[in-house]
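Read through the structure below, which is laid out as structure tokens, and then see the notes.
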Amino acid sequence: MESGSGILGIVITFVIILLASAIRVLREYERGVVFRLGRLIGSKGPGLILLIPIVDRMVKVSLRTIVLDVPPQDVITRDNVSVKVSAVVYFRVLEAEKSIVEVENYLFATSQLSQTTLRSILGQSELDELLSEREKINKQLQ
């Protein structure tokens, strides 16, 4: 009699652990990109998400605005003047699926793209333009 109740207790514990691993709750600003056996199923959320244990995997993506500090960049202007420039990038994910599937690390990729764009745009300007036409340059950077 005791061995039967011990096995039943193990089975019930296993079922509870399995159900707990199947339930996820996403906040209003999060989306979950779900993969089933490695294939993209779609994005889900916010709220209660049910996953098939062992078969489904979910990657959370925040849809809030992210602020990235661009490291100081040494830029050589068109008139061969070396300038050190720092910047800040504000962005947010619009399509959670693409941010996970099409780019390995979207945060790093955005940082690298912003650094390259900053050097490229400022390298096309002269020092006088950098100082006097900041609004025009900001629009080009955007």
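Naming works like this for the structure tokens: A, B, ... for the chains as they're shown, residue 1 at the start of each chain, ligands 1 onward in shown order.
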What are the nearest atom pairs, with distances in Å to one decimal, for all residues of region 57-102 of chain A that come at most 9 Å from region 39-50 of chain A, using only C-alpha atoms, set out by chain and rising residue number as a Markdown table?
| residue | atom | partner | partner_atom | distance |
| --- | --- | --- | --- | --- |
| A:Met58 | CA | A:Ser43 | CA | 8.9 |
| A:Ala96 | CA | A:Ser43 | CA | 6.9 |
| A:Glu97 | CA | A:Ser43 | CA | 6.2 |
| A:Val101 | CA | A:Leu40 | CA | 8.3 |
As an MDAnalysis selection string, please: all residues of region 63-129 of chain A that backbone DSSP puts in alpha helix (DSSP H). chainID A and resid 96:101 106:123 127:129
Would you work out the distance separating CA of Phe108 (chain A) from CA of Phe35 (chain A), expressed in Å to one decimal?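 About the pair CA of Phe108 (chain A) and CA of Phe35 (chain A): they are 22.4 Å apart.
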Just give me the gap between CA of Leu63 (chain A) and CA of Arg24 (chain A) in Å, one decimal is fine. 17.3 Å
Would you pick out the contacts of Ile66 (chain A) at 7 Å or less, using only C-alpha atoms, so that residues sharing its chain but fewer than 2 positions from it are not included, and give the list as a PyMOL selection string? chain A and resi 64+68+90-92
List every residue of region 18-120 of chain A that DSSP, applied to the backbone of this structure, places in strand (DSSP E or B), and write the result as a PyMOL selection string. chain A and resi 23-26+30-36+39-44+47-50+56-62+66-76+82-91
Determine, counting only C-alpha atoms, which protein, DNA and RNA residues have an atom within 10 Å of an atom of Arg78 (chain A); residues of the same chain fewer than 3 positions away are not included. Present the result as a list in words.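 Listed by chain and then number, they are Val75, Val81, Ser82, Leu122, Gly123, Gln124, Ser125, Glu126 and Leu127 of chain A.
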Could you write out the selected residues, including N, CA and C atoms, as a PDB file, in the first residue's frame?
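Result went into again.pdb, see below:
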ATOM      1  N   VAL A  75      36.025  61.032 -35.261  1.00  0.00           N
ATOM      2  CA  VAL A  75      35.578  61.243 -36.634  1.00  0.00           C
ATOM      3  C   VAL A  75      36.502  62.244 -37.297  1.00  0.00           C
ATOM      4  N   VAL A  81      39.695  67.529 -39.994  1.00  0.00           N
ATOM      5  CA  VAL A  81      39.784  67.892 -38.589  1.00  0.00           C
ATOM      6  C   VAL A  81      39.273  66.696 -37.781  1.00  0.00           C
ATOM      7  N   SER A  82      40.052  66.291 -36.794  1.00  0.00           N
ATOM      8  CA  SER A  82      39.646  65.163 -35.955  1.00  0.00           C
ATOM      9  C   SER A  82      38.722  65.672 -34.849  1.00  0.00           C
ATOM     10  N   LEU A 122      28.926  62.335 -40.165  1.00  0.00           N
ATOM     11  CA  LEU A 122      29.782  63.424 -39.709  1.00  0.00           C
ATOM     12  C   LEU A 122      31.043  63.541 -40.559  1.00  0.00           C
ATOM     13  N   GLY A 123      31.492  62.448 -41.138  1.00  0.00           N
ATOM     14  CA  GLY A 123      32.668  62.495 -42.006  1.00  0.00           C
ATOM     15  C   GLY A 123      32.411  63.229 -43.310  1.00  0.00           C
ATOM     16  N   GLN A 124      31.150  63.402 -43.679  1.00  0.00           N
ATOM     17  CA  GLN A 124      30.799  64.124 -44.908  1.00  0.00           C
ATOM     18  C   GLN A 124      30.662  65.629 -44.679  1.00  0.00           C
ATOM     19  N   SER A 125      30.758  66.052 -43.421  1.00  0.00           N
ATOM     20  CA  SER A 125      30.570  67.465 -43.084  1.00  0.00           C
ATOM     21  C   SER A 125      31.902  68.104 -42.722  1.00  0.00           C
ATOM     22  N   GLU A 126      31.932  69.430 -42.836  1.00  0.00           N
ATOM     23  CA  GLU A 126      33.098  70.189 -42.382  1.00  0.00           C
ATOM     24  C   GLU A 126      32.853  70.624 -40.940  1.00  0.00           C
ATOM     25  N   LEU A 127      33.921  71.005 -40.254  1.00  0.00           N
ATOM     26  CA  LEU A 127      33.820  71.385 -38.850  1.00  0.00           C
ATOM     27  C   LEU A 127      32.844  72.542 -38.658  1.00  0.00           C
TER      28      LEU A 127
END
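Nearest to Thr116 (chain A) of all the residues A:Leu94, A:Glu104, A:Glu135, A:Val70 is A:Val70, counting only C-alpha atoms.
Distances here use only C-alpha atoms; by that measure, the residue among A:Val61, A:Val103, A:Leu51, A:Leu118 closest to Lys139 (chain A) is A:Leu118.
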Residue contacts of Asp56 (chain A) (9 Å, only C-alpha atoms) excluding same-chain residues fewer than 4 positions away, as a ChimeraX atom specification: /A:22,34-38,51-52
Those residues you just picked out, can you put them in a file as a PDB file, in the first residue's frame with C-alpha atoms?
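Contents of out-v3.pdb, freshly written:
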ATOM      1  CA  ALA A  22       4.064  25.246 -19.522  1.00  0.00           C
ATOM      2  CA  VAL A  34       7.587  31.056 -29.739  1.00  0.00           C
ATOM      3  CA  PHE A  35       9.513  28.286 -31.471  1.00  0.00           C
ATOM      4  CA  ARG A  36       8.138  24.744 -31.726  1.00  0.00           C
ATOM      5  CA  LEU A  37      10.892  22.203 -32.355  1.00  0.00           C
ATOM      6  CA  GLY A  38      13.034  25.012 -33.758  1.00  0.00           C
ATOM      7  CA  LEU A  51       3.561  26.359 -24.017  1.00  0.00           C
ATOM      8  CA  ILE A  52       3.969  22.669 -24.716  1.00  0.00           C
TER       9      ILE A  52
END
Please identify all polymer residues within 10 Å of Asp128 (chain A), counting only C-alpha atoms, omitting same-chain residues fewer than 3 positions from it, and present them as a list in words.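 The residues satisfying every condition are Thr77, Asp79, Ser125, Leu131, Ser132 and Glu133 of chain A.
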Go ahead and write the selection's residues with N, CA and C atoms as a PDB file, in the first residue's frame.
ATOM      1  N   THR A  77      36.509  64.928 -40.160  1.00  0.00           N
ATOM      2  CA  THR A  77      35.575  65.659 -41.005  1.00  0.00           C
ATOM      3  C   THR A  77      36.132  65.795 -42.420  1.00  0.00           C
ATOM      4  N   ASP A  79      37.078  68.377 -43.904  1.00  0.00           N
ATOM      5  CA  ASP A  79      38.231  69.283 -43.968  1.00  0.00           C
ATOM      6  C   ASP A  79      39.385  68.785 -43.087  1.00  0.00           C
ATOM      7  N   SER A 125      30.758  66.052 -43.421  1.00  0.00           N
ATOM      8  CA  SER A 125      30.570  67.465 -43.084  1.00  0.00           C
ATOM      9  C   SER A 125      31.902  68.104 -42.722  1.00  0.00           C
ATOM     10  N   LEU A 131      29.253  72.606 -36.281  1.00  0.00           N
ATOM     11  CA  LEU A 131      28.952  73.566 -35.222  1.00  0.00           C
ATOM     12  C   LEU A 131      27.717  74.411 -35.517  1.00  0.00           C
ATOM     13  N   SER A 132      27.507  74.759 -36.778  1.00  0.00           N
ATOM     14  CA  SER A 132      26.437  75.697 -37.102  1.00  0.00           C
ATOM     15  C   SER A 132      25.137  75.030 -37.570  1.00  0.00           C
ATOM     16  N   GLU A 133      25.197  73.843 -38.111  1.00  0.00           N
ATOM     17  CA  GLU A 133      23.999  73.213 -38.677  1.00  0.00           C
ATOM     18  C   GLU A 133      23.674  71.892 -37.977  1.00  0.00           C
TER      19      GLU A 133
END
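The neighbours of Ser86 (chain A) here are the residues that come within 7 Å of it, using only C-alpha atoms and leaving out any residue fewer than 2 positions away in the same chain; they are Val70, Pro71, Pro72, Gln73 and Lys84 of chain A.
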Residues as selected, N, CA and C atoms, written as a tab-separated table (two decimals), in the first residue's frame, can you do that?
chain	number	residue	atom	x	y	z
A	70	VAL	N	26.08	55.55	-27.27
A	70	VAL	CA	27.08	55.27	-28.29
A	70	VAL	C	28.44	55.69	-27.74
A	71	PRO	N	29.41	54.77	-27.77
A	71	PRO	CA	30.74	55.14	-27.26
A	71	PRO	C	31.31	56.32	-28.05
A	72	PRO	N	32.15	57.14	-27.41
A	72	PRO	CA	32.73	58.28	-28.12
A	72	PRO	C	33.44	57.83	-29.40
A	73	GLN	N	33.15	58.54	-30.49
A	73	GLN	CA	33.70	58.19	-31.80
A	73	GLN	C	34.68	59.26	-32.25
A	84	LYS	N	35.97	64.35	-31.67
A	84	LYS	CA	35.47	63.26	-30.84
A	84	LYS	C	34.01	63.56	-30.53
